[in-house]
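Participant: One file is attached below, model00.cif, containing mmCIF, C-alpha atoms.
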```cif
data_structure
#
loop_
_atom_site.group_PDB
_atom_site.id
_atom_site.type_symbol
_atom_site.label_atom_id
_atom_site.label_comp_id
_atom_site.auth_asym_id
_atom_site.auth_seq_id
_atom_site.Cartn_x
_atom_site.Cartn_y
_atom_site.Cartn_z
ATOM 1 C CA MET A 122 77.750 -104.336 -6.999
ATOM 2 C CA ARG A 123 78.656 -107.445 -5.071
ATOM 3 C CA ALA A 124 77.126 -108.472 -1.789
ATOM 4 C CA GLY A 125 78.983 -108.063 1.477
ATOM 5 C CA PRO A 126 81.314 -105.284 2.521
ATOM 6 C CA THR A 127 81.176 -103.610 -0.890
ATOM 7 C CA ARG A 128 77.824 -102.036 -0.039
ATOM 8 C CA GLY A 129 79.452 -100.150 2.818
ATOM 9 C CA ASN A 130 82.373 -99.252 0.557
ATOM 10 C CA TYR A 131 79.911 -97.944 -2.038
ATOM 11 C CA ILE A 132 78.183 -95.717 0.545
ATOM 12 C CA ALA A 133 81.558 -94.492 1.834
ATOM 13 C CA SER A 134 82.766 -93.670 -1.687
ATOM 14 C CA GLN A 135 79.562 -91.748 -2.419
ATOM 15 C CA LEU A 136 79.994 -89.816 0.836
ATOM 16 C CA ARG A 137 83.572 -88.963 -0.163
ATOM 17 C CA LYS A 138 82.336 -87.732 -3.534
ATOM 18 C CA ALA A 139 79.893 -85.480 -1.676
ATOM 19 C CA ASN A 140 82.816 -84.035 0.397
ATOM 20 C CA PHE A 141 81.886 -85.688 3.701
ATOM 21 C CA HIS A 142 85.471 -86.729 4.435
ATOM 22 C CA ALA A 143 85.637 -86.117 8.176
ATOM 23 C CA GLU A 144 82.224 -87.537 9.107
ATOM 24 C CA ILE A 145 82.147 -90.667 6.927
ATOM 25 C CA ASP A 146 81.659 -93.120 9.804
ATOM 26 C CA ASP A 147 78.772 -91.198 11.366
ATOM 27 C CA HIS A 148 76.994 -90.647 8.061
ATOM 28 C CA LEU A 149 77.607 -94.241 6.924
ATOM 29 C CA GLU A 150 76.006 -95.525 10.106
ATOM 30 C CA HIS A 151 73.095 -93.095 9.661
ATOM 31 C CA ILE A 152 72.458 -94.162 6.065
ATOM 32 C CA VAL A 153 72.642 -97.898 6.805
ATOM 33 C CA THR A 154 70.316 -97.475 9.766
ATOM 34 C CA LYS A 155 67.914 -95.383 7.712
ATOM 35 C CA LEU A 156 67.800 -97.824 4.800
ATOM 36 C CA LEU A 157 67.645 -101.092 6.700
ATOM 37 C CA VAL A 158 66.224 -100.494 10.152
ATOM 38 C CA GLU A 159 64.111 -97.371 10.590
ATOM 39 C CA PRO A 160 61.586 -97.462 7.767
ATOM 40 C CA GLY A 161 62.914 -100.625 6.116
ATOM 41 C CA ASN A 162 61.849 -99.175 2.765
ATOM 42 C CA LEU A 163 64.744 -100.633 0.822
ATOM 43 C CA PHE A 164 63.260 -104.137 0.741
ATOM 44 C CA GLN A 165 59.649 -103.419 1.622
ATOM 45 C CA GLY A 166 57.380 -103.972 -1.362
ATOM 46 C CA TRP A 167 60.286 -104.702 -3.719
ATOM 47 C CA ASN A 168 59.347 -106.710 -6.788
ATOM 48 C CA PRO A 169 62.198 -107.415 -9.257
ATOM 49 C CA ASP A 170 59.818 -107.570 -12.210
ATOM 50 C CA ARG A 171 58.236 -104.234 -11.432
ATOM 51 C CA HIS A 172 61.075 -102.293 -9.772
ATOM 52 C CA GLY A 173 64.157 -103.649 -11.501
ATOM 53 C CA PRO A 174 67.360 -104.908 -9.921
ATOM 54 C CA LEU A 175 68.000 -104.333 -6.241
ATOM 55 C CA ASP A 176 71.385 -102.723 -7.000
ATOM 56 C CA ARG A 177 69.700 -99.843 -8.800
ATOM 57 C CA ARG A 178 67.209 -99.384 -5.961
ATOM 58 C CA PHE A 179 70.055 -99.431 -3.438
ATOM 59 C CA GLY A 180 72.054 -96.863 -5.435
ATOM 60 C CA ALA A 181 69.063 -94.555 -5.778
ATOM 61 C CA SER A 182 68.307 -94.827 -2.052
ATOM 62 C CA VAL A 183 71.915 -93.987 -1.154
ATOM 63 C CA ARG A 184 71.888 -90.991 -3.505
ATOM 64 C CA ASN A 185 68.631 -89.757 -1.980
ATOM 65 C CA GLU A 186 69.979 -90.077 1.577
ATOM 66 C CA ILE A 187 73.187 -88.227 0.667
ATOM 67 C CA ALA A 188 71.121 -85.495 -0.991
ATOM 68 C CA LYS A 189 69.141 -85.162 2.258
ATOM 69 C CA LEU A 190 72.396 -84.926 4.239
ATOM 70 C CA ILE A 191 73.676 -82.187 1.916
ATOM 71 C CA GLN A 192 70.408 -80.293 2.298
ATOM 72 C CA LYS A 193 70.508 -80.609 6.107
ATOM 73 C CA THR A 194 74.102 -79.378 6.184
ATOM 74 C CA ALA A 195 73.283 -76.393 3.981
ATOM 75 C CA ASN A 196 70.259 -75.578 6.133
ATOM 76 C CA ARG A 197 72.330 -75.742 9.329
ATOM 77 C CA ARG A 198 74.978 -73.497 7.782
ATOM 78 C CA LYS A 199 72.309 -70.953 6.922
ATOM 79 C CA TYR A 200 71.325 -70.571 10.583
ATOM 80 C CA VAL A 201 74.829 -70.595 12.066
ATOM 81 C CA PRO A 202 75.717 -67.099 13.220
ATOM 82 C CA THR A 203 78.453 -65.519 11.135
ATOM 83 C CA VAL A 204 78.993 -62.467 13.324
ATOM 84 C CA PRO A 205 78.996 -62.802 17.096
ATOM 85 C CA LEU A 206 76.400 -60.516 18.559
ATOM 86 C CA ALA A 207 77.839 -58.442 21.382
ATOM 87 C CA SER A 208 75.775 -57.774 24.422
ATOM 88 C CA HIS A 209 74.352 -54.339 25.009
ATOM 89 C CA ASP A 210 75.086 -54.518 28.738
ATOM 90 C CA ARG A 211 77.444 -51.887 30.091
ATOM 91 C CA ALA A 212 79.321 -54.489 32.127
ATOM 92 C CA VAL A 213 80.359 -56.423 29.002
ATOM 93 C CA SER A 214 81.594 -53.440 26.986
ATOM 94 C CA GLN A 215 85.111 -52.109 27.580
ATOM 95 C CA GLU A 216 84.526 -48.444 26.744
ATOM 96 C CA PRO A 217 81.942 -46.484 28.723
ATOM 97 C CA SER A 218 81.167 -44.260 25.726
ATOM 98 C CA GLN A 219 80.410 -47.306 23.561
ATOM 99 C CA ALA A 220 78.332 -48.829 26.356
ATOM 100 C CA PHE A 221 76.302 -45.622 26.602
ATOM 101 C CA LEU A 222 75.897 -45.458 22.818
ATOM 102 C CA ARG A 223 74.929 -49.146 22.736
ATOM 103 C CA ASP A 224 72.260 -48.493 25.388
ATOM 104 C CA GLU A 225 70.916 -45.550 23.380
ATOM 105 C CA ILE A 226 70.820 -47.648 20.207
ATOM 106 C CA MET A 227 69.081 -50.494 22.053
ATOM 107 C CA ALA A 228 66.442 -48.084 23.328
ATOM 108 C CA LYS A 229 65.799 -46.464 19.935
ATOM 109 C CA CYS A 230 66.538 -49.226 17.379
ATOM 110 C CA GLY A 231 66.333 -52.508 19.293
ATOM 111 C CA ALA A 232 68.512 -55.619 19.074
ATOM 112 C CA LEU A 233 68.962 -55.261 15.314
ATOM 113 C CA GLY A 234 70.353 -51.769 15.864
ATOM 114 C CA VAL A 235 72.878 -53.078 18.395
ATOM 115 C CA ALA A 236 73.904 -55.846 15.987
ATOM 116 C CA VAL A 237 74.335 -53.293 13.173
ATOM 117 C CA PHE A 238 76.408 -51.080 15.501
ATOM 118 C CA ASP A 239 78.621 -54.057 16.459
ATOM 119 C CA CYS A 240 79.151 -54.857 12.777
ATOM 120 C CA ILE A 241 80.149 -51.265 12.025
ATOM 121 C CA VAL A 242 82.528 -51.120 14.986
ATOM 122 C CA SER A 243 84.160 -54.446 14.070
ATOM 123 C CA GLY A 244 84.479 -53.462 10.397
ATOM 124 C CA VAL A 245 82.021 -56.033 9.048
ATOM 125 C CA CYS A 246 79.332 -55.142 6.537
ATOM 126 C CA PRO A 247 75.937 -55.169 8.317
ATOM 127 C CA SER A 248 74.363 -56.991 5.357
ATOM 128 C CA VAL A 249 75.556 -60.256 6.972
ATOM 129 C CA LEU A 250 72.668 -59.794 9.422
ATOM 130 C CA VAL A 251 70.040 -60.308 6.706
ATOM 131 C CA GLY A 252 67.808 -63.282 7.465
ATOM 132 C CA ARG A 253 69.208 -63.990 10.929
ATOM 133 C CA VAL A 254 66.582 -65.813 12.986
ATOM 134 C CA GLU A 255 67.611 -64.278 16.308
ATOM 135 C CA LEU A 256 67.098 -60.803 14.821
ATOM 136 C CA GLY A 257 63.656 -61.508 13.409
ATOM 137 C CA LYS A 258 64.771 -62.453 9.863
ATOM 138 C CA ALA A 259 65.393 -58.848 8.878
ATOM 139 C CA SER A 260 65.417 -57.999 5.179
ATOM 140 C CA LEU A 261 68.219 -56.079 3.489
ATOM 141 C CA TYR A 262 65.938 -53.036 3.333
ATOM 142 C CA ARG A 263 65.314 -53.243 7.093
ATOM 143 C CA VAL A 264 69.047 -53.625 7.863
ATOM 144 C CA ARG A 265 69.880 -50.581 5.730
ATOM 145 C CA LYS A 266 67.106 -48.563 7.357
ATOM 146 C CA VAL A 267 68.326 -49.506 10.835
ATOM 147 C CA ARG A 268 71.892 -48.629 9.787
ATOM 148 C CA ARG A 269 70.721 -45.104 8.940
ATOM 149 C CA GLU A 270 68.908 -44.898 12.292
ATOM 150 C CA VAL A 271 72.052 -46.072 14.114
ATOM 151 C CA GLY A 272 74.036 -43.387 12.303
ATOM 152 C CA GLU A 273 71.518 -40.750 13.368
ATOM 153 C CA VAL A 274 71.651 -41.905 17.006
ATOM 154 C CA ALA A 275 75.443 -41.836 16.885
ATOM 155 C CA LEU A 276 75.399 -38.313 15.389
ATOM 156 C CA GLU A 277 73.011 -37.116 18.106
ATOM 157 C CA ASN A 278 75.259 -38.484 20.845
ATOM 158 C CA VAL A 279 78.424 -37.104 19.260
ATOM 159 C CA ALA A 280 76.738 -33.710 18.894
ATOM 160 C CA GLU A 281 75.794 -33.793 22.580
ATOM 161 C CA VAL A 282 79.348 -34.670 23.616
ATOM 162 C CA TYR A 283 81.243 -32.325 21.260
ATOM 163 C CA GLY A 284 78.592 -29.640 20.805
ATOM 164 C CA SER A 285 78.639 -29.876 17.004
ATOM 165 C CA SER A 286 76.445 -31.695 14.516
ATOM 166 C CA SER A 287 79.282 -31.928 11.997
ATOM 167 C CA ALA A 288 81.144 -34.564 14.017
ATOM 168 C CA PRO A 289 82.142 -37.747 12.202
ATOM 169 C CA CYS A 290 79.615 -40.564 12.155
ATOM 170 C CA VAL A 291 80.315 -44.120 13.220
#
```
Written as structure tokens, how would this file's structure read?

Facilitator:
Amino acid sequence: MRAGPTRGNYIASQLRKANFHAEIDDHLEHIVTKLLVEPGNLFQGWNPDRHGPLDRRFGASVRNEIAKLIQKTANRRKYVPTVPLASHDRAVSQEPSQAFLRDEIMAKCGALGVAVFDCIVSGVCPSVLVGRVELGKASLYRVRKVRREVGEVALENVAEVYGSSSAPCV
């Protein structure tokens, strides 16, 4: 590596290799600031006899910072909601029967039950709710158990409306 603008080009090329195409400028600025300004660990305590050439240290530092960025991105993606959670308020729901059923589910199964019901109604598998922070990091076992409870609540309400327990379940 040569001195000068090639260091920035090196960081930008490594960011491109890590698939950070849209945010190169922001991440480049973050990495340069982190290496040179914040802790100043790139040059602090560097001894060429003990630590080797500065180019290798620079390359390793850039790789470590990009690895941290990848880890942060993956962690953020894990906590981004994949299914919008509908409200259990009657005013938000369009159908009065669904609003009533949602209220019943909220009373008997809680917020996780309402989220499972919304998944079923929208045609999404409720297993996407596993590990969601806003639902108390429910396990797959818990989601399946709540799904059964939601089905039972729905059957009870359908039986009350139609007078039969053999009505189709949600």

Participant: Within 7 Å of stretch 237-249 of chain A, counting only C-alpha atoms, which residues qualify if same-chain residues fewer than 3 places away don't, as number ranges by chain?

Facilitator: A: 207, 233-234, 261, 264, 268, 271

Participant: Given the PyMOL selection byres ((chain A and resi 143-155) around 12) and the file above, list the residues it selects as an MDAnalysis selection string.

Facilitator: chainID A and resid 128:142 156:163 179:180 182:191 194

Participant: Distance atom CA of A:Leu276-atom CA of A:Ala232, one decimal place?

Facilitator: 19.0 Å

Participant: Mind giving me the straight-line distance from atom CA of A:Glu281 to atom CA of A:Arg265 in Å, one decimal?

Facilitator: 24.5 Å

Participant: Quick check, in Å to one decimal: how far apart do atom CA of A:Ala236 and atom CA of A:Ala195 lie?

Facilitator: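 According to the coordinates, atom CA of A:Ala236 and atom CA of A:Ala195 are separated by 23.8 Å.
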
Participant: Find the residues near A:Ser260: any atom within 6 Å, counting only C-alpha atoms, skip ones fewer than 2 places away on the same chain, and give them as a PyMOL selection string.

Facilitator: chain A and resi 251+262-263
